[in-house]
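query.cif, holding mmCIF, C-alpha atoms and all ligand atoms:
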data_model
#
loop_
_atom_site.label_atom_id
_atom_site.label_comp_id
_atom_site.auth_asym_id
_atom_site.auth_seq_id
_atom_site.Cartn_x
_atom_site.Cartn_y
_atom_site.Cartn_z
CA MET A 3 23.40 13.03 -20.97
CA ILE A 4 21.84 11.52 -17.82
CA ASN A 5 22.34 7.78 -17.46
CA VAL A 6 19.29 6.05 -15.98
CA LEU A 7 19.40 2.35 -15.21
CA PHE A 8 16.07 0.52 -15.22
CA ALA A 9 16.52 -2.26 -12.64
CA ALA A 10 13.34 -4.30 -12.47
CA LYS A 11 11.92 -7.44 -14.04
CA THR A 12 11.92 -7.68 -17.85
CA GLU A 13 8.14 -7.49 -18.12
CA ARG A 14 8.24 -4.19 -16.24
CA TRP A 15 10.71 -2.83 -18.80
CA ASN A 16 8.24 -3.67 -21.54
CA THR A 17 5.58 -1.70 -19.66
CA TYR A 18 7.69 1.25 -18.55
CA GLU A 19 10.13 1.96 -21.37
CA THR A 20 7.79 4.09 -23.49
CA PRO A 21 6.09 6.00 -20.62
CA LEU A 22 9.50 6.78 -19.08
CA ARG A 23 10.92 8.06 -22.38
CA THR A 24 7.79 10.18 -22.85
CA ALA A 25 8.02 11.61 -19.32
CA PHE A 26 11.73 12.44 -19.72
CA ALA A 27 10.99 14.22 -23.01
CA GLU A 28 8.19 16.22 -21.35
CA GLN A 29 10.74 17.45 -18.79
CA ASP A 30 13.35 18.18 -21.51
CA LEU A 31 15.69 15.69 -19.84
CA GLU A 32 18.33 14.16 -22.09
CA VAL A 33 18.35 10.64 -20.74
CA ASP A 34 20.11 7.49 -21.83
CA LEU A 35 17.68 4.89 -20.42
CA ARG A 36 18.86 1.30 -20.40
CA THR A 37 18.61 -1.98 -18.52
CA GLU A 38 22.41 -2.35 -18.46
CA PHE A 39 25.24 0.09 -17.79
CA PRO A 40 28.69 -0.10 -16.27
CA PRO A 41 27.64 0.64 -12.65
CA GLU A 42 30.07 3.54 -12.24
CA ASP A 43 28.33 5.39 -15.12
CA VAL A 44 24.83 5.33 -13.63
CA ASP A 45 23.26 8.62 -12.43
CA TYR A 46 19.86 7.29 -11.26
CA ILE A 47 18.36 3.86 -10.72
CA VAL A 48 14.66 3.22 -11.39
CA TYR A 49 14.14 0.30 -9.09
CA ALA A 50 11.84 -2.56 -8.16
CA PRO A 51 13.00 -4.67 -5.20
CA ASN A 52 11.96 -7.98 -6.79
CA GLY A 53 14.54 -7.65 -9.58
CA ASP A 54 18.17 -8.83 -9.65
CA LEU A 55 19.92 -5.73 -8.28
CA HIS A 56 20.68 -5.96 -4.57
CA ASP A 57 24.24 -4.61 -4.28
CA PHE A 58 24.36 -0.84 -4.73
CA THR A 59 28.06 -0.55 -3.81
CA PRO A 60 29.41 -0.26 -7.40
CA PHE A 61 27.04 2.60 -8.28
CA THR A 62 29.49 5.21 -7.08
CA ARG A 63 28.06 8.28 -8.81
CA CYS A 64 24.36 7.38 -8.50
CA LYS A 65 22.40 10.32 -7.09
CA ALA A 66 19.21 8.49 -6.11
CA VAL A 67 17.37 5.18 -6.21
CA LEU A 68 13.79 5.77 -7.36
CA ASN A 69 11.47 2.98 -6.25
CA LEU A 70 8.57 1.99 -8.49
CA TRP A 71 6.59 0.73 -5.50
CA ALA A 72 5.02 2.52 -2.53
CA GLY A 73 6.28 -0.18 -0.12
CA VAL A 74 10.03 -0.15 0.52
CA GLU A 75 10.44 -2.90 3.12
CA ASP A 76 12.53 -5.05 0.77
CA VAL A 77 15.13 -2.33 0.09
CA VAL A 78 15.09 0.07 3.07
CA GLY A 79 17.36 -2.16 5.18
CA ASN A 80 19.86 -2.84 2.37
CA GLN A 81 23.24 -2.05 3.92
CA THR A 82 24.87 -1.44 0.53
CA LEU A 83 22.46 1.43 -0.20
CA SER A 84 24.09 4.76 0.63
CA GLN A 85 22.17 6.81 -1.97
CA PRO A 86 18.89 8.61 -1.19
CA LEU A 87 15.87 6.31 -1.66
CA ALA A 88 12.55 7.69 -2.92
CA ARG A 89 9.36 5.65 -2.74
CA MET A 90 6.53 5.84 -5.26
CA VAL A 91 3.71 8.27 -4.66
CA ASP A 92 1.62 8.06 -7.81
CA TYR A 93 -1.77 9.56 -8.62
CA GLY A 94 -2.86 6.33 -10.34
CA LEU A 95 -1.76 4.13 -7.42
CA THR A 96 -3.59 6.33 -4.93
CA GLN A 97 -6.78 6.51 -6.98
CA GLY A 98 -6.76 2.74 -7.51
CA MET A 99 -6.44 2.19 -3.76
CA VAL A 100 -9.29 4.59 -3.03
CA GLU A 101 -11.53 2.69 -5.44
CA TRP A 102 -10.57 -0.74 -4.05
CA VAL A 103 -10.96 0.27 -0.39
CA THR A 104 -14.25 2.09 -1.04
CA GLY A 105 -15.65 -0.88 -2.96
CA HIS A 106 -14.77 -3.44 -0.30
CA THR A 107 -15.99 -1.18 2.50
CA LEU A 108 -19.34 -0.76 0.74
CA ARG A 109 -19.59 -4.51 0.12
CA HIS A 110 -19.47 -5.18 3.85
CA HIS A 111 -21.41 -2.10 4.87
CA LEU A 112 -24.33 -2.86 2.56
CA GLY A 113 -24.22 -6.63 3.18
CA MET A 114 -24.00 -7.21 -0.57
CA ASP A 115 -23.05 -10.87 -0.12
CA GLN A 116 -26.50 -11.62 1.28
CA HIS A 117 -27.94 -10.98 -2.16
CA ILE A 118 -25.05 -11.92 -4.41
CA LEU A 119 -24.48 -15.29 -2.72
CA GLY A 120 -27.95 -15.96 -1.34
CA GLN A 121 -30.23 -16.37 -4.38
CA ASP A 122 -32.24 -19.26 -2.95
CA GLY A 123 -35.83 -18.22 -3.63
CA GLU A 124 -36.39 -16.71 -0.20
CA TRP A 125 -37.53 -13.03 -0.09
CA ARG A 126 -35.40 -11.72 2.78
CA SER A 127 -35.49 -8.18 3.99
CA PHE A 128 -32.24 -6.64 5.14
CA VAL A 129 -31.81 -2.93 5.67
CA PRO A 130 -28.23 -1.85 6.35
CA PRO A 131 -27.52 1.13 8.57
CA LEU A 132 -26.60 4.39 6.89
CA ALA A 133 -22.91 5.09 6.47
CA GLU A 134 -23.12 7.69 9.22
CA ASP A 135 -23.87 4.85 11.64
CA ARG A 136 -20.92 2.66 10.55
CA ARG A 137 -17.60 3.72 12.07
CA VAL A 138 -14.48 3.24 9.97
CA THR A 139 -10.94 3.29 11.32
CA ILE A 140 -7.93 3.52 9.05
CA LEU A 141 -4.56 2.49 10.47
CA GLY A 142 -2.06 4.60 8.53
CA LEU A 143 -2.87 8.18 7.56
CA GLY A 144 -0.22 8.61 4.87
CA THR A 145 -0.75 9.14 1.16
CA LEU A 146 -3.09 6.18 0.74
CA GLY A 147 -4.80 6.16 4.14
CA LEU A 148 -5.64 9.85 3.92
CA ALA A 149 -6.99 9.59 0.38
CA CYS A 150 -9.21 6.65 1.42
CA ALA A 151 -10.33 8.54 4.53
CA LYS A 152 -11.46 11.51 2.43
CA ALA A 153 -13.41 9.29 0.03
CA LEU A 154 -15.14 7.44 2.87
CA ILE A 155 -15.98 10.70 4.65
CA GLY A 156 -17.48 11.85 1.36
CA LEU A 157 -19.81 8.84 1.50
CA GLY A 158 -20.87 9.74 5.04
CA PHE A 159 -18.78 7.35 7.16
CA PRO A 160 -17.36 8.70 10.43
CA VAL A 161 -13.60 8.10 10.05
CA THR A 162 -10.92 7.69 12.69
CA GLY A 163 -7.29 7.57 11.57
CA TRP A 164 -4.21 6.33 13.38
CA SER A 165 -0.62 7.27 12.62
CA ARG A 166 2.83 7.27 14.21
CA THR A 167 3.03 11.04 14.64
CA ALA A 168 0.25 13.34 15.88
CA LYS A 169 -2.04 14.86 13.23
CA ASP A 170 -4.88 17.35 13.11
CA ILE A 171 -6.99 16.79 9.98
CA GLU A 172 -10.42 18.33 9.57
CA GLY A 173 -13.21 15.75 9.58
CA ILE A 174 -11.05 12.88 10.87
CA THR A 175 -10.68 11.77 14.48
CA CYS A 176 -6.89 11.56 14.60
CA LEU A 177 -5.15 9.26 17.03
CA HIS A 178 -1.49 8.30 17.16
CA GLY A 179 1.14 6.18 18.79
CA PRO A 180 0.75 3.03 20.86
CA ASP A 181 -1.67 4.76 23.28
CA GLY A 182 -4.02 5.75 20.48
CA LEU A 183 -4.27 2.27 19.00
CA ARG A 184 -6.71 0.85 21.54
CA GLU A 185 -9.19 3.68 21.03
CA ALA A 186 -8.73 3.48 17.27
CA VAL A 187 -9.61 -0.22 17.05
CA SER A 188 -12.33 -0.13 19.73
CA THR A 189 -14.49 2.07 17.48
CA ALA A 190 -13.70 0.21 14.26
CA ASP A 191 -16.84 -1.33 12.76
CA VAL A 192 -14.63 -1.49 9.66
CA LEU A 193 -10.86 -1.56 10.14
CA ILE A 194 -8.69 -0.70 7.13
CA LEU A 195 -4.95 -1.34 7.26
CA LEU A 196 -2.73 1.02 5.27
CA LEU A 197 0.45 0.92 7.32
CA PRO A 198 3.90 0.16 5.91
CA ASN A 199 5.65 -3.06 6.86
CA THR A 200 8.27 -2.09 9.47
CA ALA A 201 9.56 -3.62 12.69
CA ALA A 202 7.19 -1.34 14.62
CA THR A 203 4.05 -2.24 12.67
CA GLU A 204 4.39 -6.04 12.71
CA ASN A 205 1.37 -7.67 14.39
CA THR A 206 -0.36 -4.32 15.00
CA VAL A 207 -3.56 -6.33 14.70
CA ASP A 208 -2.86 -8.94 17.37
CA SER A 209 -5.18 -10.86 19.70
CA GLN A 210 -5.54 -7.82 22.00
CA ALA A 211 -6.42 -5.44 19.17
CA LEU A 212 -8.89 -7.96 17.78
CA ALA A 213 -10.51 -8.42 21.19
CA ASP A 214 -10.82 -4.64 21.51
CA MET A 215 -12.71 -4.38 18.21
CA PRO A 216 -16.52 -4.29 18.23
CA GLU A 217 -18.40 -7.59 17.86
CA GLY A 218 -19.12 -8.32 14.19
CA ALA A 219 -16.50 -5.91 12.81
CA PHE A 220 -14.90 -6.19 9.38
CA ILE A 221 -11.20 -6.04 8.52
CA ILE A 222 -9.83 -4.93 5.16
CA ASN A 223 -6.07 -5.30 4.67
CA PRO A 224 -4.49 -3.83 1.54
CA GLY A 225 -1.39 -2.77 3.56
CA ARG A 226 0.99 -5.67 4.21
CA GLY A 227 0.60 -9.23 5.50
CA PRO A 228 2.77 -8.93 8.63
CA LEU A 229 0.48 -6.20 10.04
CA ILE A 230 -1.82 -9.02 11.19
CA ASP A 231 -1.20 -11.92 13.57
CA ASP A 232 -2.75 -14.57 11.32
CA ASP A 233 -3.43 -17.15 14.04
CA ALA A 234 -5.18 -14.55 16.19
CA LEU A 235 -7.28 -13.41 13.24
CA LEU A 236 -8.31 -16.96 12.38
CA LYS A 237 -9.46 -17.49 15.97
CA ALA A 238 -11.43 -14.23 15.94
CA LEU A 239 -13.04 -15.24 12.63
CA ASP A 240 -13.85 -18.74 13.88
CA SER A 241 -15.64 -17.30 16.91
CA GLY A 242 -17.54 -14.79 14.75
CA HIS A 243 -16.15 -11.87 16.74
CA ILE A 244 -14.75 -10.64 13.42
CA ALA A 245 -17.47 -11.03 10.79
CA HIS A 246 -15.21 -11.00 7.73
CA ALA A 247 -11.67 -10.22 6.64
CA THR A 248 -10.85 -9.08 3.12
CA LEU A 249 -7.14 -9.67 2.69
CA ASP A 250 -5.04 -8.54 -0.27
CA VAL A 251 -1.57 -9.03 1.20
CA PHE A 252 0.09 -11.91 3.05
CA ARG A 253 3.29 -12.88 4.82
CA ILE A 254 4.01 -15.30 1.99
CA GLU A 255 2.92 -14.36 -1.53
CA PRO A 256 1.48 -16.03 -3.48
CA LEU A 257 -0.59 -17.26 -0.52
CA PRO A 258 0.13 -21.03 -0.32
CA ALA A 259 -2.71 -23.15 -1.71
CA ASP A 260 -3.17 -24.95 1.62
CA HIS A 261 -3.41 -21.77 3.72
CA PRO A 262 -6.60 -21.74 5.85
CA TYR A 263 -7.51 -18.29 4.55
CA TRP A 264 -8.39 -19.72 1.13
CA SER A 265 -11.21 -21.91 2.43
CA HIS A 266 -12.39 -19.85 5.40
CA PRO A 267 -16.02 -18.79 4.90
CA ARG A 268 -15.36 -15.43 6.54
CA VAL A 269 -12.28 -14.56 4.48
CA THR A 270 -11.96 -13.03 1.03
CA VAL A 271 -8.51 -13.42 -0.53
CA THR A 272 -7.44 -11.07 -3.31
CA PRO A 273 -3.99 -11.61 -4.89
CA HIS A 274 -2.18 -8.35 -4.01
CA ILE A 275 -4.16 -6.40 -6.59
CA ALA A 276 -5.59 -3.63 -4.41
CA SER A 277 -3.67 -1.07 -6.41
CA GLU A 278 -0.86 -0.93 -8.93
CA THR A 279 1.58 1.79 -9.86
CA ARG A 280 0.32 3.17 -13.21
CA PRO A 281 3.18 3.50 -15.71
CA SER A 282 2.25 6.84 -17.27
CA SER A 283 1.65 8.78 -14.04
CA ALA A 284 4.46 6.98 -12.18
CA SER A 285 6.91 7.78 -14.98
CA ARG A 286 6.12 11.47 -14.56
CA VAL A 287 6.96 11.16 -10.83
CA ILE A 288 10.31 9.53 -11.72
CA ALA A 289 11.06 12.24 -14.30
CA GLU A 290 10.21 15.00 -11.84
CA ASN A 291 12.61 13.54 -9.29
CA ILE A 292 15.40 13.30 -11.87
CA ARG A 293 14.74 16.91 -12.88
CA ARG A 294 15.03 17.86 -9.22
CA GLY A 295 18.24 15.89 -8.79
CA GLN A 296 19.76 17.59 -11.82
CA SER A 297 18.82 21.08 -10.65
CA GLY A 298 19.88 20.52 -7.06
CA GLU A 299 16.33 20.66 -5.64
CA PRO A 300 15.29 18.26 -2.88
CA PHE A 301 13.91 14.92 -4.03
CA LEU A 302 10.22 14.14 -3.52
CA HIS A 303 8.98 11.22 -1.37
CA LEU A 304 12.29 10.39 0.29
CA VAL A 305 12.25 7.40 2.62
CA ASP A 306 13.28 7.95 6.24
CA ARG A 307 15.65 5.00 6.61
CA GLY A 308 15.55 5.34 10.41
CA VAL A 309 11.81 4.64 10.72
CA GLY A 310 11.74 2.32 7.71
CA TYR A 311 9.19 4.01 5.41
N1 LIG B 401 -1.91 -3.90 -1.71
C1 LIG B 401 -1.43 -3.04 -2.58
O1 LIG B 401 -1.68 -3.20 -3.78
C2 LIG B 401 -0.62 -1.87 -2.11
C3 LIG B 401 -0.30 -0.86 -3.03
C4 LIG B 401 0.41 0.25 -2.56
C5 LIG B 401 0.79 0.34 -1.23
N2 LIG B 401 0.48 -0.67 -0.36
C6 LIG B 401 0.87 -0.58 1.06
O2 LIG B 401 0.32 0.61 1.62
C7 LIG B 401 1.30 1.13 2.53
C8 LIG B 401 1.00 2.58 2.83
O3 LIG B 401 1.34 3.38 1.70
P1 LIG B 401 1.38 4.98 1.81
O4 LIG B 401 1.87 5.46 0.50
O5 LIG B 401 0.10 5.51 2.33
O6 LIG B 401 2.52 5.15 2.94
P2 LIG B 401 2.91 6.46 3.75
O7 LIG B 401 2.46 7.68 3.04
O8 LIG B 401 4.34 6.31 4.12
O9 LIG B 401 2.02 6.37 5.08
C9 LIG B 401 2.27 5.44 6.08
C10 LIG B 401 1.36 5.77 7.28
O10 LIG B 401 1.56 4.78 8.28
C11 LIG B 401 1.85 5.43 9.51
N3 LIG B 401 2.74 4.62 10.33
C12 LIG B 401 3.98 4.14 10.02
N4 LIG B 401 4.51 3.48 11.08
C13 LIG B 401 3.59 3.55 12.06
C14 LIG B 401 3.56 3.10 13.41
N5 LIG B 401 4.59 2.41 13.94
N6 LIG B 401 2.47 3.36 14.16
C15 LIG B 401 1.43 4.06 13.64
N7 LIG B 401 1.40 4.53 12.38
C16 LIG B 401 2.47 4.28 11.60
C17 LIG B 401 2.52 6.72 9.11
O11 LIG B 401 2.48 7.63 10.19
P3 LIG B 401 3.02 9.14 10.04
O12 LIG B 401 2.01 9.84 9.15
O13 LIG B 401 3.01 9.65 11.44
O14 LIG B 401 4.38 9.05 9.41
C18 LIG B 401 1.68 7.12 7.91
O15 LIG B 401 0.50 7.78 8.31
C19 LIG B 401 2.61 0.86 1.81
O16 LIG B 401 3.70 0.88 2.70
C20 LIG B 401 2.38 -0.52 1.24
O17 LIG B 401 2.78 -1.47 2.19
C21 LIG B 401 -0.22 -1.76 -0.79
#
Full structure transcribed into structure tokens:
Amino acid sequence: MINVLFAAKTERWNTYETPLRTAFAEQDLEVDLRTEFPPEDVDYIVYAPNGDLHDFTPFTRCKAVLNLWAGVEDVVGNQTLSQPLARMVDYGLTQGMVEWVTGHTLRHHLGMDQHILGQDGEWRSFVPPLAEDRRVTILGLGTLGLACAKALIGLGFPVTGWSRTAKDIEGITCLHGPDGLREAVSTADVLILLLPNTAATENTVDSQALADMPEGAFIINPGRGPLIDDDALLKALDSGHIAHATLDVFRIEPLPADHPYWSHPRVTVTPHIASETRPSSASRVIAENIRRGQSGEPFLHLVDRGVGY
């Protein structure tokens, strides 16, 4: 019997219990799945960082901590964690992000607000450029950034991607490292942020990066709040240099009611809903990793604790 501790909020247990049991059965894994165990009996922990478990020390025989979220910033620095940590790479999460990013890119590209918000009896003509004439840059070319890049390329947008390590991906202008950032943002008519939150990515979009962006550019941030210097962005929005920012993630969540983003005419706030882990597909990822752990195969989607993602 494999003892799996589900360590997340109670409402998550209600959502995940059945899909997890189904996924374990599909893999022929004999699992005792519970929300409580004596720590020394636990083989694997299915984990969400916003739950109550923060001290991994007593879990002496635990083979891996399997995160339910793609972002690991709230657990990667936990000094009590000596076990391997896997992040979530889930088909449903990726597809949801592709749909959200594509939708918000098209909103700005097509100028949809002019018609949705401007029904005032005036017959205005507005012809947007074709996608091939609107340059998109995606900061972060990992699971989510790459999937979004492919979808946007499919719609005709020229896509530049920026990552930490060098890449060569057909159809994408690939840039990397601090030197590549300036070029990446300077061609960004639409800038999409899909970087993890690490010490190295904080304030990637600062006053310099914003100044380097083309006049009238759009920013879409489904990555993490700290990627943006908020004061610098507000200034760039006030001046009109940045035409609009669609922001899904913030340094403090929920975004405080008095935050200037809520009332700024050039900002759209969405409440960290860009994409969610989907229980059925995510449970299959968890089950596959437990199968691997049991058969001595390498775990999927391991976090590099040194770089923080
Ligand atoms: N809003 C939401 O609902 C939501 C949902 C899911 C995820 N997210 C966010 O999306 C983020 C990305 O997820 P993912 O699964 O695509 O992550 P991932 O596969 O780990 O990809 C991260 C990408 O960022 C790049 N990167 C990391 N540090 C960098 C640096 N210092 N400079 C330049 N590039 C850097 C990586 O470069 P390399 O390729 O060279 O390693 C990689 O391309 C998550 O961390 C999370 O914060 C948000």
If the limit is 8 Å from any atom of ligand LIG 401 (chain B), counting all atoms listed in the file, which residues qualify? Return them as a PDB file with C-alpha atoms, in the coordinates of the input.
ATOM      1  CA  TRP A  71       6.590   0.730  -5.500  1.00  0.00           C
ATOM      2  CA  ALA A  72       5.020   2.520  -2.530  1.00  0.00           C
ATOM      3  CA  GLY A  73       6.280  -0.180  -0.120  1.00  0.00           C
ATOM      4  CA  VAL A  74      10.030  -0.150   0.520  1.00  0.00           C
ATOM      5  CA  GLU A  75      10.440  -2.900   3.120  1.00  0.00           C
ATOM      6  CA  MET A  90       6.530   5.840  -5.260  1.00  0.00           C
ATOM      7  CA  VAL A  91       3.710   8.270  -4.660  1.00  0.00           C
ATOM      8  CA  LEU A  95      -1.760   4.130  -7.420  1.00  0.00           C
ATOM      9  CA  THR A  96      -3.590   6.330  -4.930  1.00  0.00           C
ATOM     10  CA  MET A  99      -6.440   2.190  -3.760  1.00  0.00           C
ATOM     11  CA  LEU A 141      -4.560   2.490  10.470  1.00  0.00           C
ATOM     12  CA  GLY A 142      -2.060   4.600   8.530  1.00  0.00           C
ATOM     13  CA  LEU A 143      -2.870   8.180   7.560  1.00  0.00           C
ATOM     14  CA  GLY A 144      -0.220   8.610   4.870  1.00  0.00           C
ATOM     15  CA  THR A 145      -0.750   9.140   1.160  1.00  0.00           C
ATOM     16  CA  LEU A 146      -3.090   6.180   0.740  1.00  0.00           C
ATOM     17  CA  GLY A 147      -4.800   6.160   4.140  1.00  0.00           C
ATOM     18  CA  LEU A 148      -5.640   9.850   3.920  1.00  0.00           C
ATOM     19  CA  TRP A 164      -4.210   6.330  13.380  1.00  0.00           C
ATOM     20  CA  SER A 165      -0.620   7.270  12.620  1.00  0.00           C
ATOM     21  CA  ARG A 166       2.830   7.270  14.210  1.00  0.00           C
ATOM     22  CA  THR A 167       3.030  11.040  14.640  1.00  0.00           C
ATOM     23  CA  ALA A 168       0.250  13.340  15.880  1.00  0.00           C
ATOM     24  CA  LYS A 169      -2.040  14.860  13.230  1.00  0.00           C
ATOM     25  CA  HIS A 178      -1.490   8.300  17.160  1.00  0.00           C
ATOM     26  CA  GLY A 179       1.140   6.180  18.790  1.00  0.00           C
ATOM     27  CA  PRO A 180       0.750   3.030  20.860  1.00  0.00           C
ATOM     28  CA  LEU A 195      -4.950  -1.340   7.260  1.00  0.00           C
ATOM     29  CA  LEU A 196      -2.730   1.020   5.270  1.00  0.00           C
ATOM     30  CA  LEU A 197       0.450   0.920   7.320  1.00  0.00           C
ATOM     31  CA  PRO A 198       3.900   0.160   5.910  1.00  0.00           C
ATOM     32  CA  ASN A 199       5.650  -3.060   6.860  1.00  0.00           C
ATOM     33  CA  THR A 200       8.270  -2.090   9.470  1.00  0.00           C
ATOM     34  CA  ALA A 201       9.560  -3.620  12.690  1.00  0.00           C
ATOM     35  CA  ALA A 202       7.190  -1.340  14.620  1.00  0.00           C
ATOM     36  CA  THR A 203       4.050  -2.240  12.670  1.00  0.00           C
ATOM     37  CA  ASN A 223      -6.070  -5.300   4.670  1.00  0.00           C
ATOM     38  CA  PRO A 224      -4.490  -3.830   1.540  1.00  0.00           C
ATOM     39  CA  GLY A 225      -1.390  -2.770   3.560  1.00  0.00           C
ATOM     40  CA  ARG A 226       0.990  -5.670   4.210  1.00  0.00           C
ATOM     41  CA  ASP A 250      -5.040  -8.540  -0.270  1.00  0.00           C
ATOM     42  CA  VAL A 251      -1.570  -9.030   1.200  1.00  0.00           C
ATOM     43  CA  HIS A 274      -2.180  -8.350  -4.010  1.00  0.00           C
ATOM     44  CA  ILE A 275      -4.160  -6.400  -6.590  1.00  0.00           C
ATOM     45  CA  ALA A 276      -5.590  -3.630  -4.410  1.00  0.00           C
ATOM     46  CA  SER A 277      -3.670  -1.070  -6.410  1.00  0.00           C
ATOM     47  CA  GLU A 278      -0.860  -0.930  -8.930  1.00  0.00           C
ATOM     48  CA  THR A 279       1.580   1.790  -9.860  1.00  0.00           C
ATOM     49  CA  VAL A 309      11.810   4.640  10.720  1.00  0.00           C
ATOM     50  CA  TYR A 311       9.190   4.010   5.410  1.00  0.00           C
TER      51      TYR A 311
END
Mind giving me the axis-aligned box for segment 263-273 of chain A with 4 Å on every side, centre plus edges in Å to one decimal, as JSON?
{"center_x": -10.0, "center_y": -16.5, "center_z": 0.8, "size_x": 20.0, "size_y": 18.8, "size_z": 19.4}
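Between Arg23 of chain A and the candidates A:Leu68, A:Asp181, A:Val6, A:Gly308, the tightest atom-to-atom separation, counting all atoms listed in the file, involves A:Val6.
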query: Leaving out Thr37 of chain A and any residue of its chain fewer than 5 positions from it, which residues lie within 9 Å of it when counting all atoms listed in the file, given as a count of residues only?
result: 7
message: Give me, as a ChimeraX atom specification, all polymer residues having an atom no more than 12 Å from Gln116 of chain A, counting all atoms listed in the file and skipping those fewer than 5 positions away in the same chain.
response: /A:109-111,121-122,124-130
Would you pick out the contacts of Asp57 of chain A at 7 Å or less, using all atoms listed in the file, so that residues sharing its chain but fewer than 2 positions from it are not included, and give the list as a PDB file with C-alpha atoms, in the frame of the given file?
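Written output follows (result.pdb):
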ATOM      1  CA  LEU A  55      19.920  -5.730  -8.280  1.00  0.00           C
ATOM      2  CA  THR A  59      28.060  -0.550  -3.810  1.00  0.00           C
ATOM      3  CA  THR A  82      24.870  -1.440   0.530  1.00  0.00           C
TER       4      THR A  82
END
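A straight line drawn from atom CA of Cys150 of chain A to atom CA of Ile174 of chain A is 11.5 Å long.
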- request: Find the residues around His56 of chain A up to 10 Å (only C-alpha atoms counted), leave out those fewer than 3 positions away in its own chain, and share them as a PyMOL selection string.
  value: chain A and resi 9+51-53+59+76-77+80-83
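Closest to Ala88 of chain A among A:Ile4, A:Val48, A:Leu108, A:Leu35 is A:Val48, based on all atoms listed in the file.
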query: atom CA of Thr139 of chain A to atom CA of Asp240 of chain A: how many Å, to one decimal?
result: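 Atom-to-atom, atom CA of Thr139 of chain A to atom CA of Asp240 of chain A, that is 22.4 Å.
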Can you pull out every residue within 10 Å of Thr62 of chain A, counting all atoms listed in the file, but drop anything in the same chain fewer than 6 positions away, and send it as a PDB file with C-alpha atoms, in the frame of the given file?
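The result, stored in result_1.pdb:
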ATOM      1  CA  PRO A  41      27.640   0.640 -12.650  1.00  0.00           C
ATOM      2  CA  GLU A  42      30.070   3.540 -12.240  1.00  0.00           C
ATOM      3  CA  ASP A  43      28.330   5.390 -15.120  1.00  0.00           C
ATOM      4  CA  VAL A  44      24.830   5.330 -13.630  1.00  0.00           C
ATOM      5  CA  ASP A  45      23.260   8.620 -12.430  1.00  0.00           C
ATOM      6  CA  SER A  84      24.090   4.760   0.630  1.00  0.00           C
ATOM      7  CA  GLN A  85      22.170   6.810  -1.970  1.00  0.00           C
TER       8      GLN A  85
END
message: Quick check, in Å to one decimal: how far apart do atom CA of Ala50 of chain A and atom CA of Thr270 of chain A lie?
response: 27.6 Å
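Taking all atoms listed in the file into account, Leu87 of chain A lies nearest to A:Cys64 out of the set A:His261, A:Cys64, A:Ala25, A:Gly120.
Distances from A:Ala284, A:Ala190, A:Ala66, A:Ile171 to Glu19 of chain A were compared using all atoms listed in the file, and the smallest one belongs to A:Ala284.
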query: Which is closest to Leu154 of chain A among A:Asp191, A:Glu134, A:Glu172, A:Asp34, if we use only C-alpha atoms?
result: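 Of A:Asp191, A:Glu134, A:Glu172, A:Asp34, the one nearest Leu154 of chain A is A:Glu134, counting only C-alpha atoms.
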